[in-house]
>>> print(open('protein_6.txt').read())   # compact mmCIF, C-alpha atoms
# COMPACT_ATOMS: atom_id res chain seq x y z
CA MET A 150 -44.84 62.53 -202.19
CA THR A 151 -47.52 61.35 -199.72
CA HIS A 152 -50.99 60.77 -201.13
CA CYS A 153 -54.32 60.51 -199.39
CA ASP A 154 -54.35 56.70 -199.76
CA GLU A 155 -51.04 56.60 -197.87
CA ILE A 156 -52.67 58.57 -195.05
CA ASP A 157 -55.58 56.11 -195.08
CA ARG A 158 -53.13 53.24 -194.70
CA LEU A 159 -51.34 54.91 -191.79
CA ARG A 160 -54.64 55.68 -190.16
CA ALA A 161 -55.78 52.08 -190.60
CA LEU A 162 -52.63 50.93 -188.83
CA PHE A 163 -52.25 53.54 -186.13
CA GLY A 164 -55.40 55.63 -185.98
CA PRO A 165 -54.76 59.29 -185.34
CA ASN A 166 -51.53 58.69 -183.40
CA THR A 167 -49.30 60.73 -185.64
CA GLU A 168 -46.32 60.25 -183.34
CA VAL A 169 -45.30 57.31 -185.50
CA TRP A 170 -46.15 58.80 -188.88
CA PRO A 171 -43.35 59.84 -191.24
CA GLU A 172 -42.80 63.60 -191.29
CA GLU A 173 -43.95 63.87 -194.89
CA ALA A 174 -47.26 62.23 -193.98
CA VAL A 175 -47.77 64.61 -191.05
CA ARG A 176 -47.14 67.55 -193.41
CA HIS A 177 -49.67 66.16 -195.87
CA LEU A 178 -52.22 65.76 -193.09
CA GLY A 179 -51.71 69.39 -192.11
CA SER A 180 -52.45 70.62 -195.61
CA CYS A 181 -55.17 68.20 -196.83
CA SER A 182 -58.73 68.90 -195.69
CA ARG A 183 -59.95 65.50 -196.96
CA CYS A 184 -57.53 63.67 -194.72
CA GLN A 185 -58.24 65.92 -191.73
CA ASP A 186 -61.93 65.07 -191.94
CA ALA A 187 -61.38 61.33 -191.83
CA ALA A 188 -60.51 61.29 -188.15
CA ASP A 189 -60.51 58.03 -186.27
CA ALA A 190 -60.30 57.66 -182.51
CA ARG A 191 -58.28 54.51 -181.91
CA TRP A 192 -55.74 52.19 -183.42
CA SER A 193 -57.71 49.88 -185.64
CA VAL A 194 -56.57 46.65 -184.08
CA GLU A 195 -59.14 43.89 -184.13
CA MET A 196 -60.31 43.74 -180.52
CA ARG A 197 -62.05 40.40 -180.34
CA SER A 198 -61.26 37.23 -178.45
CA PRO A 199 -61.01 34.01 -180.44
CA GLU A 200 -64.24 32.02 -180.72
CA GLY A 201 -65.13 30.19 -177.51
CA LEU A 202 -62.23 31.53 -175.47
CA ASP A 203 -64.40 33.61 -173.14
CA SER A 204 -66.58 30.63 -172.28
CA LYS A 205 -63.49 28.43 -171.73
CA VAL A 206 -62.12 30.98 -169.27
CA GLU A 207 -65.50 31.36 -167.58
CA GLY A 208 -65.78 27.58 -167.26
CA SER A 209 -62.41 27.37 -165.56
CA ILE A 210 -63.00 30.07 -162.96
CA LEU A 211 -66.72 30.59 -162.39
CA ASP A 212 -67.28 27.15 -160.85
CA ALA A 213 -64.93 28.10 -158.02
CA LEU A 214 -66.32 31.60 -157.57
CA ALA A 215 -66.65 32.55 -153.91
CA PRO A 216 -66.58 35.95 -152.20
CA VAL A 217 -63.18 37.10 -151.02
CA SER A 218 -62.21 39.97 -148.78
CA PRO A 219 -59.71 42.33 -150.41
CA ILE A 220 -56.35 42.91 -148.74
CA SER A 221 -56.20 45.76 -146.25
CA SER A 222 -55.31 49.27 -147.32
CA GLN A 223 -51.69 50.30 -147.74
CA ASN A 224 -51.81 52.52 -144.65
CA ARG A 225 -53.22 49.80 -142.48
CA VAL A 226 -50.67 47.18 -143.58
CA GLY A 227 -47.78 49.66 -143.30
CA THR A 228 -48.82 50.58 -139.77
CA LEU A 229 -49.17 46.91 -138.85
CA LEU A 230 -45.63 46.21 -140.06
CA LEU A 231 -44.27 49.09 -137.97
CA LEU A 232 -46.16 47.90 -134.90
CA MET A 233 -44.71 44.42 -135.38
CA SER A 234 -41.22 45.89 -135.54
CA ALA A 235 -41.90 47.85 -132.36
CA ALA A 236 -43.13 44.67 -130.66
CA VAL A 237 -39.96 42.76 -131.62
CA THR A 238 -37.82 45.65 -130.33
CA SER A 239 -39.73 45.82 -127.02
CA VAL A 240 -39.50 42.08 -126.36
CA ALA A 241 -35.80 42.05 -127.22
CA ILE A 242 -35.00 45.02 -124.99
CA LEU A 243 -36.93 43.52 -122.09
CA ARG A 244 -34.82 40.38 -122.40
CA ILE A 245 -31.36 41.82 -123.06
CA GLY A 246 -31.44 45.34 -121.61
CA SER A 247 -30.76 48.83 -122.93
CA ALA A 248 -27.15 49.60 -122.00
CA GLY A 249 -26.45 50.88 -125.53
CA TRP A 250 -29.20 53.51 -125.32
CA HIS A 251 -27.59 54.99 -122.18
CA ALA A 252 -24.14 54.99 -123.83
CA LEU A 253 -25.34 57.16 -126.74
CA ASN A 254 -25.31 60.95 -126.43
CA GLY A 255 -28.26 63.03 -127.66
CA LEU A 256 -26.76 63.81 -131.07
CA GLU A 257 -25.77 60.20 -131.78
CA ALA A 258 -29.16 58.86 -130.72
CA THR A 259 -31.02 61.46 -132.79
CA ILE A 260 -29.01 60.83 -135.96
CA LEU A 261 -29.03 57.04 -135.75
CA PHE A 262 -32.67 56.61 -134.79
CA THR A 263 -33.81 59.15 -137.37
CA ILE A 264 -32.06 57.08 -140.05
CA PHE A 265 -33.65 53.87 -138.74
CA GLY A 266 -37.07 55.50 -138.41
CA ILE A 267 -37.19 57.00 -141.91
CA GLY A 268 -35.84 53.79 -143.43
CA MET A 269 -38.36 51.59 -141.63
CA VAL A 270 -41.37 53.78 -142.45
CA ALA A 271 -40.37 53.94 -146.14
CA LEU A 272 -39.81 50.18 -146.33
CA ALA A 273 -43.01 49.30 -144.44
CA TYR A 274 -45.23 51.38 -146.75
CA ASN A 275 -43.37 50.20 -149.84
CA LEU A 276 -43.96 46.58 -148.80
CA ALA A 277 -47.62 47.28 -148.09
CA SER A 278 -47.89 48.69 -151.61
CA ARG A 279 -46.08 45.72 -153.15
CA MET A 280 -48.73 43.29 -151.89
CA MET A 281 -50.88 44.39 -154.83
CA PRO A 282 -49.61 43.78 -158.37
CA GLY A 283 -49.67 46.93 -160.49
CA SER A 284 -49.26 49.29 -157.56
CA ARG A 285 -47.33 52.52 -157.92
CA ILE A 286 -43.55 52.24 -157.46
CA ARG A 287 -42.26 55.58 -156.25
CA VAL A 288 -38.74 54.62 -155.21
CA HIS A 289 -36.60 51.79 -156.56
CA PRO A 290 -36.01 49.08 -153.92
CA VAL A 291 -32.23 49.44 -154.28
CA VAL A 292 -32.52 52.97 -152.90
CA LEU A 293 -34.81 51.89 -150.07
CA ILE A 294 -32.46 49.08 -149.08
CA ALA A 295 -29.09 50.74 -149.55
CA ALA A 296 -29.79 54.31 -148.42
CA PRO A 297 -30.37 53.64 -144.67
CA LEU A 298 -27.36 51.32 -144.45
CA PHE A 299 -25.14 53.78 -146.31
CA CYS A 300 -26.32 56.69 -144.12
CA MET A 301 -25.72 54.64 -140.99
CA PHE A 302 -22.23 53.71 -142.20
CA ILE A 303 -21.37 57.38 -142.79
CA ALA A 304 -22.86 58.36 -139.40
CA VAL A 305 -20.83 55.67 -137.64
CA ILE A 306 -17.60 56.80 -139.34
CA ILE A 307 -18.25 60.42 -138.31
CA LEU A 308 -19.72 59.93 -134.83
CA PHE A 309 -17.85 57.02 -133.28
CA PRO A 310 -14.13 56.85 -132.45
CA TYR A 311 -11.72 54.10 -133.45
CA ARG A 312 -9.78 52.16 -130.84
CA VAL A 313 -8.07 48.78 -130.79
CA ASP A 314 -10.25 46.14 -129.15
CA PRO A 315 -8.60 42.82 -128.29
CA GLU A 316 -12.06 41.23 -128.02
CA PHE A 317 -13.14 42.50 -131.41
CA VAL A 318 -14.25 39.09 -132.68
CA SER A 319 -15.77 37.56 -129.53
CA LYS A 320 -17.85 40.66 -128.69
CA GLY A 321 -18.64 41.17 -132.33
CA VAL A 322 -20.00 37.68 -132.91
CA LEU A 323 -22.33 38.11 -129.92
CA CYS A 324 -23.68 41.36 -131.39
CA TRP A 325 -24.04 39.79 -134.83
CA GLU A 326 -26.05 36.93 -133.30
CA ILE A 327 -28.35 39.25 -131.35
CA GLY A 328 -28.95 41.51 -134.37
CA PHE A 329 -29.52 38.56 -136.67
CA VAL A 330 -31.93 36.76 -134.31
CA ALA A 331 -33.96 39.96 -133.78
CA ALA A 332 -34.03 40.48 -137.56
CA LEU A 333 -35.14 36.87 -138.13
CA ALA A 334 -37.99 37.25 -135.62
CA SER A 335 -39.08 40.41 -137.42
CA LEU A 336 -38.70 38.74 -140.81
CA ILE A 337 -41.02 35.89 -139.81
CA LEU A 338 -43.70 38.30 -138.54
CA VAL A 339 -43.47 40.56 -141.62
CA THR A 340 -43.65 37.56 -143.96
CA LEU A 341 -46.78 36.37 -142.14
CA ALA A 342 -48.35 39.83 -142.40
CA LEU A 343 -47.69 39.94 -146.16
CA ARG A 344 -48.73 36.37 -146.94
CA ARG A 345 -52.00 37.37 -148.64
CA GLY A 346 -50.21 39.58 -151.12
CA TYR A 347 -49.00 38.68 -154.61
CA PRO A 348 -45.88 40.75 -155.24
CA SER A 349 -44.99 40.98 -158.92
CA GLN A 350 -41.27 41.17 -158.07
CA PRO A 351 -40.82 38.48 -155.39
CA VAL A 352 -37.03 38.77 -155.17
CA TRP A 353 -37.08 42.55 -154.66
CA THR A 354 -39.95 42.15 -152.22
CA GLY A 355 -37.95 39.54 -150.29
CA ALA A 356 -34.98 41.92 -150.20
CA CYS A 357 -37.23 44.71 -148.86
CA VAL A 358 -38.64 42.39 -146.18
CA GLY A 359 -35.04 41.51 -145.27
CA ALA A 360 -34.11 45.22 -145.14
CA LEU A 361 -37.02 46.13 -142.87
CA SER A 362 -36.10 43.26 -140.56
CA ALA A 363 -32.43 44.24 -140.76
CA LEU A 364 -33.24 47.77 -139.59
CA ASN A 365 -35.28 46.26 -136.78
CA GLY A 366 -32.23 44.21 -135.78
CA LEU A 367 -30.05 47.34 -135.92
CA VAL A 368 -32.45 49.23 -133.64
CA VAL A 369 -32.29 46.37 -131.11
CA LEU A 370 -28.48 46.28 -131.31
CA GLN A 371 -28.12 50.04 -130.96
CA ILE A 372 -30.27 50.00 -127.82
CA PHE A 373 -28.53 46.93 -126.39
CA CYS A 374 -24.84 47.34 -127.28
CA PRO A 375 -22.77 49.92 -125.34
CA ASN A 376 -19.68 49.29 -127.49
CA LEU A 377 -19.59 52.43 -129.64
CA GLU A 378 -16.35 51.64 -131.39
CA ARG A 379 -16.38 52.53 -135.09
CA LEU A 380 -15.11 49.22 -136.49
CA HIS A 381 -17.28 47.11 -134.18
CA VAL A 382 -20.49 48.85 -135.27
CA ALA A 383 -19.52 49.02 -138.95
CA VAL A 384 -18.52 45.36 -139.19
CA TRP A 385 -20.74 43.44 -136.77
CA HIS A 386 -23.89 45.55 -136.52
CA LEU A 387 -24.04 46.30 -140.23
CA GLY A 388 -22.91 42.72 -140.91
CA SER A 389 -26.01 41.37 -139.16
CA ALA A 390 -28.14 43.70 -141.30
CA VAL A 391 -26.52 42.51 -144.53
CA SER A 392 -27.09 38.89 -143.44
CA ALA A 393 -30.79 39.56 -142.82
CA ILE A 394 -31.16 41.19 -146.25
CA ALA A 395 -29.46 38.16 -147.81
CA VAL A 396 -31.93 35.83 -146.05
CA GLY A 397 -34.89 37.93 -147.21
CA THR A 398 -33.61 37.93 -150.79
CA LEU A 399 -33.10 34.18 -150.65
CA ILE A 400 -36.67 33.65 -149.43
CA GLY A 401 -37.92 35.90 -152.27
CA GLY A 402 -35.90 33.85 -154.75
CA LEU A 403 -37.34 30.60 -153.40
CA GLN A 404 -40.84 32.03 -153.65
CA ARG A 405 -40.27 32.95 -157.28
CA ARG A 406 -38.89 29.49 -158.01
CA ARG A 407 -41.93 27.87 -156.38
CA ARG A 408 -44.28 29.99 -158.50
CA GLN A 409 -42.48 28.89 -161.63
CA GLY A 410 -42.93 25.27 -160.62
CA MET B 158 -70.83 45.03 -174.08
CA ILE B 159 -67.18 45.88 -173.48
CA PRO B 160 -66.80 48.01 -170.36
CA GLU B 161 -64.54 51.04 -170.68
CA PRO B 162 -61.49 51.32 -168.45
CA SER B 163 -61.65 52.95 -165.02
CA GLY B 164 -65.11 53.33 -163.40
CA ASP B 165 -66.93 50.37 -164.98
CA LEU B 166 -64.05 47.99 -164.54
CA GLU B 167 -63.56 48.95 -160.91
CA ALA B 168 -67.24 48.38 -160.15
CA LEU B 169 -67.13 45.01 -161.94
CA MET B 170 -63.99 44.08 -160.03
CA GLN B 171 -65.60 44.86 -156.69
CA ARG B 172 -68.62 42.71 -157.53
CA TYR B 173 -66.33 39.93 -158.82
CA GLN B 174 -64.55 39.97 -155.45
CA ALA B 175 -67.95 39.72 -153.80
CA GLY B 176 -68.66 36.55 -155.79
CA ASP B 177 -71.03 37.90 -158.46
CA ARG B 178 -70.97 35.60 -161.52
CA GLU B 179 -72.42 38.10 -163.98
CA SER B 180 -69.80 40.69 -163.12
CA ALA B 181 -67.08 38.09 -163.50
CA SER B 182 -68.40 37.21 -166.98
CA ALA B 183 -68.62 40.88 -167.95
CA LEU B 184 -65.07 41.46 -166.72
CA ILE B 185 -63.79 38.50 -168.74
CA ALA B 186 -65.62 39.70 -171.86
CA GLY B 187 -64.26 43.20 -171.39
CA ILE B 188 -60.65 42.31 -170.66
CA ASN B 189 -60.08 39.18 -172.75
CA PRO B 190 -59.67 40.85 -176.17
CA ARG B 191 -57.12 43.32 -174.82
CA LEU B 192 -55.20 40.65 -172.94
CA PHE B 193 -55.26 38.35 -175.95
CA HIS B 194 -53.91 41.09 -178.16
CA TYR B 195 -51.28 41.97 -175.58
CA LEU B 196 -50.05 38.36 -175.50
CA LEU B 197 -50.04 38.19 -179.30
CA SER B 198 -47.99 41.36 -179.45
CA GLN B 199 -45.41 39.72 -177.19
CA GLY B 200 -44.56 37.36 -180.03
CA LEU B 201 -46.68 34.36 -179.04
CA SER B 202 -48.58 32.29 -181.59
CA ARG B 203 -52.40 32.35 -181.38
CA PHE B 204 -52.35 28.86 -179.87
CA ASP B 205 -49.81 29.78 -177.17
CA ALA B 206 -51.58 33.09 -176.49
CA GLU B 207 -54.91 31.30 -175.94
CA ASP B 208 -53.23 28.79 -173.68
CA LEU B 209 -51.45 31.47 -171.66
CA LEU B 210 -54.57 33.60 -171.44
CA GLN B 211 -56.30 30.82 -169.54
CA ASP B 212 -53.33 30.59 -167.15
CA VAL B 213 -53.52 34.37 -166.69
CA TRP B 214 -57.20 34.18 -165.75
CA LEU B 215 -56.60 31.30 -163.35
CA GLN B 216 -53.96 33.43 -161.65
CA ILE B 217 -56.19 36.50 -161.64
CA HIS B 218 -58.91 34.39 -160.05
CA ARG B 219 -56.52 32.95 -157.45
CA VAL B 220 -55.26 36.38 -156.37
CA ARG B 221 -58.41 38.44 -156.94
CA HIS B 222 -58.33 39.47 -153.28
CA THR B 223 -55.10 41.42 -153.90
CA HIS B 224 -56.90 44.17 -155.81
CA ARG B 225 -57.49 47.08 -153.45
CA GLN B 226 -60.68 49.04 -153.86
CA GLY B 227 -60.12 52.43 -155.45
CA GLU B 228 -57.01 51.31 -157.34
CA PRO B 229 -57.08 51.07 -161.16
CA VAL B 230 -57.93 47.59 -162.48
CA LEU B 231 -56.04 47.49 -165.78
CA PRO B 232 -52.51 47.87 -164.31
CA TRP B 233 -53.37 45.15 -161.78
CA ILE B 234 -54.51 42.76 -164.52
CA TYR B 235 -51.61 43.52 -166.86
CA ALA B 236 -49.08 43.17 -164.04
CA ILE B 237 -50.42 39.68 -163.33
CA ALA B 238 -50.48 38.81 -167.04
CA ARG B 239 -46.92 39.97 -167.44
CA HIS B 240 -45.87 37.97 -164.42
CA VAL B 241 -47.58 34.78 -165.61
CA GLN B 242 -45.99 35.21 -169.03
CA VAL B 243 -42.49 35.61 -167.57
CA ASP B 244 -43.01 32.66 -165.20
CA SER B 245 -44.25 30.50 -168.03
CA TYR B 246 -41.26 31.41 -170.19
CA ARG B 247 -38.78 30.67 -167.40
CA LYS B 248 -40.52 27.42 -166.54
CA ARG B 249 -40.29 26.24 -170.13
CA THR B 250 -36.69 27.39 -170.44
CA ARG B 251 -35.78 25.40 -167.34
CA ARG B 252 -37.55 22.33 -168.70
CA ARG B 253 -35.70 22.69 -171.95
CA GLU B 254 -32.41 22.89 -170.03
CA GLN B 255 -33.42 19.69 -168.25
CA GLY B 256 -34.27 18.15 -171.61
CA ILE B 257 -37.96 17.68 -170.74
CA GLU B 258 -39.59 19.93 -173.28
CA THR B 259 -38.80 21.92 -176.34
CA VAL B 260 -39.59 25.59 -175.92
CA PRO B 261 -41.86 26.68 -178.74
CA GLU B 262 -40.14 29.30 -180.83
CA LEU B 263 -41.59 32.76 -180.60
CA ARG B 264 -43.61 33.38 -183.69
CA ALA B 265 -41.55 35.10 -186.33
CA PRO B 266 -43.49 38.02 -187.75
CA ALA B 267 -44.94 37.25 -191.14
CA LYS B 268 -42.81 38.48 -194.01
CA PRO B 269 -44.89 40.06 -196.70
CA ALA B 270 -43.54 39.92 -200.20
CA ASP B 271 -41.64 42.94 -201.49
CA GLY B 272 -43.96 45.78 -202.25
CA GLU B 273 -46.67 44.42 -199.97
CA GLN B 274 -47.53 46.79 -197.15
CA ALA B 275 -46.71 45.91 -193.55
CA ASP B 276 -49.55 45.28 -191.09
CA PHE B 277 -49.74 46.27 -187.44
CA GLU B 278 -48.51 42.90 -186.13
CA GLU B 279 -45.51 42.97 -188.39
CA LEU B 280 -44.54 46.52 -187.52
CA ILE B 281 -44.92 46.04 -183.80
CA GLY B 282 -42.96 42.80 -184.08
CA ARG B 283 -39.93 44.81 -185.23
CA LEU B 284 -39.67 46.55 -181.87
CA PRO B 285 -37.63 45.28 -178.92
CA GLU B 286 -39.76 43.38 -176.39
CA SER B 287 -39.93 46.12 -173.75
CA GLN B 288 -40.93 48.79 -176.29
CA ARG B 289 -43.50 46.47 -177.87
CA GLU B 290 -45.05 45.89 -174.46
CA VAL B 291 -45.27 49.61 -173.69
CA VAL B 292 -46.69 50.56 -177.10
CA THR B 293 -49.32 47.81 -176.94
CA MET B 294 -50.46 48.85 -173.48
CA LEU B 295 -50.52 52.54 -174.39
CA LYS B 296 -52.06 52.41 -177.82
CA VAL B 297 -54.04 49.17 -177.97
CA ALA B 298 -55.24 48.77 -174.39
CA GLY B 299 -55.60 52.55 -174.12
CA MET B 300 -53.77 52.78 -170.79
CA SER B 301 -52.14 55.98 -169.53
CA CYS B 302 -48.37 56.28 -168.94
CA GLU B 303 -49.05 56.10 -165.19
CA GLU B 304 -51.02 52.86 -165.62
CA VAL B 305 -48.35 51.32 -167.85
CA ALA B 306 -45.71 52.27 -165.29
CA ARG B 307 -47.70 50.49 -162.60
CA ALA B 308 -48.23 47.39 -164.74
CA THR B 309 -44.56 47.10 -165.65
CA SER B 310 -43.22 47.99 -162.17
CA SER B 311 -41.50 50.94 -163.77
CA THR B 312 -41.58 54.72 -163.61
CA VAL B 313 -43.60 57.10 -165.78
CA GLY B 314 -40.35 58.59 -167.09
CA ALA B 315 -39.04 55.19 -168.20
CA VAL B 316 -42.35 54.43 -169.94
CA LYS B 317 -42.22 57.73 -171.83
CA VAL B 318 -38.65 57.07 -172.94
CA LYS B 319 -39.54 53.59 -174.22
CA ALA B 320 -42.63 54.89 -176.02
CA HIS B 321 -40.62 57.71 -177.61
CA ARG B 322 -37.97 55.28 -178.86
CA ALA B 323 -40.65 52.94 -180.17
CA TYR B 324 -42.36 55.77 -182.08
CA GLU B 325 -39.06 56.83 -183.59
CA ARG B 326 -38.37 53.29 -184.77
CA LEU B 327 -41.91 52.88 -186.15
CA ARG B 328 -41.66 56.22 -187.90
CA LYS B 329 -38.42 55.11 -189.53
CA LEU B 330 -39.92 51.80 -190.63
CA LEU B 331 -43.02 53.43 -192.03
CA GLY B 332 -41.09 56.17 -193.75
CA SER B 333 -38.66 53.92 -195.51
CA PRO B 334 -39.66 50.65 -197.19
CA ALA B 335 -35.96 49.83 -197.54
CA GLU B 336 -35.52 50.02 -193.76
CA LEU B 337 -38.54 47.73 -193.28
CA ARG B 338 -37.11 45.21 -195.74
CA ARG B 339 -33.74 45.37 -193.96
CA SER B 340 -35.37 44.72 -190.58
CA ARG B 341 -37.26 41.73 -192.04
CA ASP B 342 -33.95 40.20 -193.09
>>> encode(input="protein_6.txt", output="structure tokens")
Amino acid sequence: MTHCDEIDRLRALFGPNTEVWPEEAVRHLGSCSRCQDAADARWSVEMRSPEGLDSKVEGSILDALAPVSPISSQNRVGTLLLLMSAAVTSVAILRIGSAGWHALNGLEATILFTIFGIGMVALAYNLASRMMPGSRIRVHPVVLIAAPLFCMFIAVIILFPYRVDPEFVSKGVLCWEIGFVAALASLILVTLALRRGYPSQPVWTGACVGALSALNGLVVLQIFCPNLERLHVAVWHLGSAVSAIAVGTLIGGLQRRRRQG
Amino acid sequence: MIPEPSGDLEALMQRYQAGDRESASALIAGINPRLFHYLLSQGLSRFDAEDLLQDVWLQIHRVRHTHRQGEPVLPWIYAIARHVQVDSYRKRTRRREQGIETVPELRAPAKPADGEQADFEELIGRLPESQREVVTMLKVAGMSCEEVARATSSTVGAVKVKAHRAYERLRKLLGSPAELRRSRD
């Protein structure tokens, strides 16, 4: 049997949040006008700082108080990251050519570049959001990182034919190098653009930076490389992307380690 | 005066970023009790919580430029606090592994004698860490599910699930003294 003093005790602990009250107590509350009248708005937790703590904190930070300019808006940073990726692609294509673009038919180009485009836009805006701790996470980074690579893998399996290539390794290593170098250039620029941020998940952020750069490397490779053989693209092109993601994750891990002293 | 969440805090934050000392003091006075209570609810002793609170404010001060205007302040602050707490724990664990320092034990919740009624700290201490964190942010700091999700880098759905499980557990503990005694042991 629940009595009014029991309700007072529950209210003292948890205020009016009856979600945690035993069912019997909730029933009592429903039927007792005395208890219904004694409403309280919040959990009655003592909300005071210990003596002198506020002034200690003020002493440690107010001496070094100077104006700062807040980081740019998410849209601005996201757009900047995409422009950087476009710049890396342009420079790379000017240096190594665009034979791969001419080898693709309309359907292949549309599917592949749509995958790259959606992936890069999603990653760029996610990274821009991650610069600020406590920002809204709409999609888990695993999805953002894995989805474009998985879609590309499926597209390659469906669109490109398989044939035996005696120069599978020598041609492949060249493609891997080009993709990886383009991704590294992008990774450096993106890291510089995000340097004012304070991501609360540095390893995931590093992986996302790696993934954005990896997609940039894939775009460069797809425009440069005319070898549209299924195994070549799946192993060497995607291999360069996986390497770039690994580098980004490693950098994120190092950053976390540095923060932890 | 303790500023209420949302509008007041955002205005104070903007002026703090602009270098206004009074706003910084008001922000500290407004946030400190909540942060202190949050750290206590994570199982730290008062001494460790005070120590960590100062580290949290140093970090907040260092990265105050990362708060974007128009975004809620509380999730930003709690995300940093959470991060500093995790970093501090890992740092101390690593030092212990290297034999440099002994990690202070997390404070065991006080065990009232049989028949004595449990207090808030004790009850909340019976919850798993992630549920404790969510309940404290929701019910003590007065944050919304959306704000808690932002602070914990999680989704609103996950926050609701954790809160629901925490309420169920608390309800069980409150409803049955025997269960509470069992969880103490």
>>> closest_residue(input="protein_6.txt", among="A:Leu399, A:Val226, A:Ile372, A:Cys153", to="Ser180 (chain A)", atoms="all atoms listed in the file")
A:Cys153
>>> closest_residue(input="protein_6.txt", among="B:Gln216, B:Ser245, B:Ser198, B:Ser310", to="Gln288 (chain B)", atoms="only C-alpha atoms")
B:Ser198
>>> residues_around(input="protein_6.txt", residues="region 199-215 of chain B", least_positions_apart="4", cutoff="10 Å", atoms="all atoms listed in the file", output="ChimeraX atom specification")
/A:198-199,202-203,205-207,209-210 /B:185,189,192-195,219-221,234-235,237-242,245,261-266,278,281-282,285-287,289-290,293
>>> atom_distance(input="protein_6.txt", atom1="CA of Pro216 (chain A)", atom2="CA of Gln174 (chain B)")
5.6 Å
>>> atom_distance(input="protein_6.txt", atom1="CA of Gly366 (chain A)", atom2="CA of Met301 (chain A)")
13.4 Å
>>> atom_distance(input="protein_6.txt", atom1="CA of Leu308 (chain A)", atom2="CA of Gly328 (chain A)")
20.6 Å
>>> residues_around(input="protein_6.txt", residues="Trp385 (chain A)", least_positions_apart="2", cutoff="10 Å", atoms="only C-alpha atoms", output="tab-separated table (two decimals) with C-alpha atoms, in the frame of the given file")
chain	number	residue	atom	x	y	z
A	317	PHE	CA	-13.14	42.50	-131.41
A	318	VAL	CA	-14.25	39.09	-132.68
A	320	LYS	CA	-17.85	40.66	-128.69
A	321	GLY	CA	-18.64	41.17	-132.33
A	322	VAL	CA	-20.00	37.68	-132.91
A	323	LEU	CA	-22.33	38.11	-129.92
A	324	CYS	CA	-23.68	41.36	-131.39
A	325	TRP	CA	-24.04	39.79	-134.83
A	326	GLU	CA	-26.05	36.93	-133.30
A	328	GLY	CA	-28.95	41.51	-134.37
A	370	LEU	CA	-28.48	46.28	-131.31
A	380	LEU	CA	-15.11	49.22	-136.49
A	381	HIS	CA	-17.28	47.11	-134.18
A	382	VAL	CA	-20.49	48.85	-135.27
A	383	ALA	CA	-19.52	49.02	-138.95
A	387	LEU	CA	-24.04	46.30	-140.23
A	388	GLY	CA	-22.91	42.72	-140.91
A	389	SER	CA	-26.01	41.37	-139.16
A	390	ALA	CA	-28.14	43.70	-141.30
A	391	VAL	CA	-26.52	42.51	-144.53
>>> closest_residue(input="protein_6.txt", among="A:Ser284, A:Thr259, A:Ser247, A:Ser204", to="Thr312 (chain B)", atoms="all atoms listed in the file")
A:Ser284
>>> residues_around(input="protein_6.txt", residues="Ala258 (chain A)", least_positions_apart="4", cutoff="12 Å", atoms="only C-alpha atoms", output="list in words")
Gly249, Trp250, His251, Ala252, Leu253, Asn254, Phe262, Thr263, Ile264, Phe265, Gly266, Met301, Ala304, Val305, Leu308, Phe309, Val368, Gln371, Ile372 and Leu377 of chain A
>>> interface_residues(input="protein_6.txt", of="chain B", to="chain A", cutoff="6 Å", atoms="only C-alpha atoms", output="PyMOL selection string")
chain B and resi 174-176+190+211+222-223+232-233+236+244+248+277+307-308+324+327-328+332
>>> residues_around(input="protein_6.txt", residues="Ser239 (chain A)", least_positions_apart="3", cutoff="12 Å", atoms="all atoms listed in the file", output="list in words")
Leu232, Met233, Ser234, Ala235, Ala236, Ile242, Leu243, Arg244, Ile245, Gly246, Ser247, Ala331, Ser335, Asn365, Gly366, Val368, Val369, Ile372 and Phe373 of chain A
>>> closest_residue(input="protein_6.txt", among="B:Leu330, B:Val243, B:Leu231, B:Ile188", to="Leu295 (chain B)", atoms="all atoms listed in the file")
B:Leu231
>>> closest_residue(input="protein_6.txt", among="A:Ala271, A:Ala360, A:Leu256, A:Val237", to="Val330 (chain A)", atoms="only C-alpha atoms")
A:Val237
>>> closest_residue(input="protein_6.txt", among="A:Val384, A:Ile260, A:Ile303, A:Ala395", to="Ala363 (chain A)", atoms="only C-alpha atoms")
A:Ala395
>>> residues_around(input="protein_6.txt", residues="Leu229 (chain A)", least_positions_apart="5", cutoff="9 Å", atoms="all atoms listed in the file", output="list in words")
Asn224, Ser234, Ala273, Val339 and Ala342 of chain A
>>> residues_near_point(input="protein_6.txt", point="(-35.1, 35.3, -148.7)", cutoff="12 Å", atoms="only C-alpha atoms", output="ChimeraX atom specification")
/A:333,336-337,340,351-360,362,391-406
>>> axis_aligned_box(input="protein_6.txt", around="region 234-239 of chain B", padding_each_side="8 Å", output="lines of an AutoDock Vina configuration file")
center_x = -50.7
center_y = 41.2
center_z = -165.4
size_x = 23.6
size_y = 20.7
size_z = 20.1
>>> decode(input="protein_6.txt", residues="region 390-402 of chain A", atoms="C-alpha atoms", output="CSV table (one decimal), in the first residue's frame")
chain,number,residue,atom,x,y,z
A,390,ALA,CA,40.6,4.2,-51.7
A,391,VAL,CA,40.9,1.7,-48.9
A,392,SER,CA,44.5,2.8,-48.3
A,393,ALA,CA,43.5,6.4,-48.1
A,394,ILE,CA,40.8,5.6,-45.6
A,395,ALA,CA,43.3,3.7,-43.6
A,396,VAL,CA,45.7,6.7,-43.6
A,397,GLY,CA,42.9,9.0,-42.5
A,398,THR,CA,41.9,6.7,-39.7
A,399,LEU,CA,45.5,6.5,-38.6
A,400,ILE,CA,45.8,10.3,-38.5
A,401,GLY,CA,42.6,10.4,-36.5
A,402,GLY,CA,44.0,7.9,-34.0
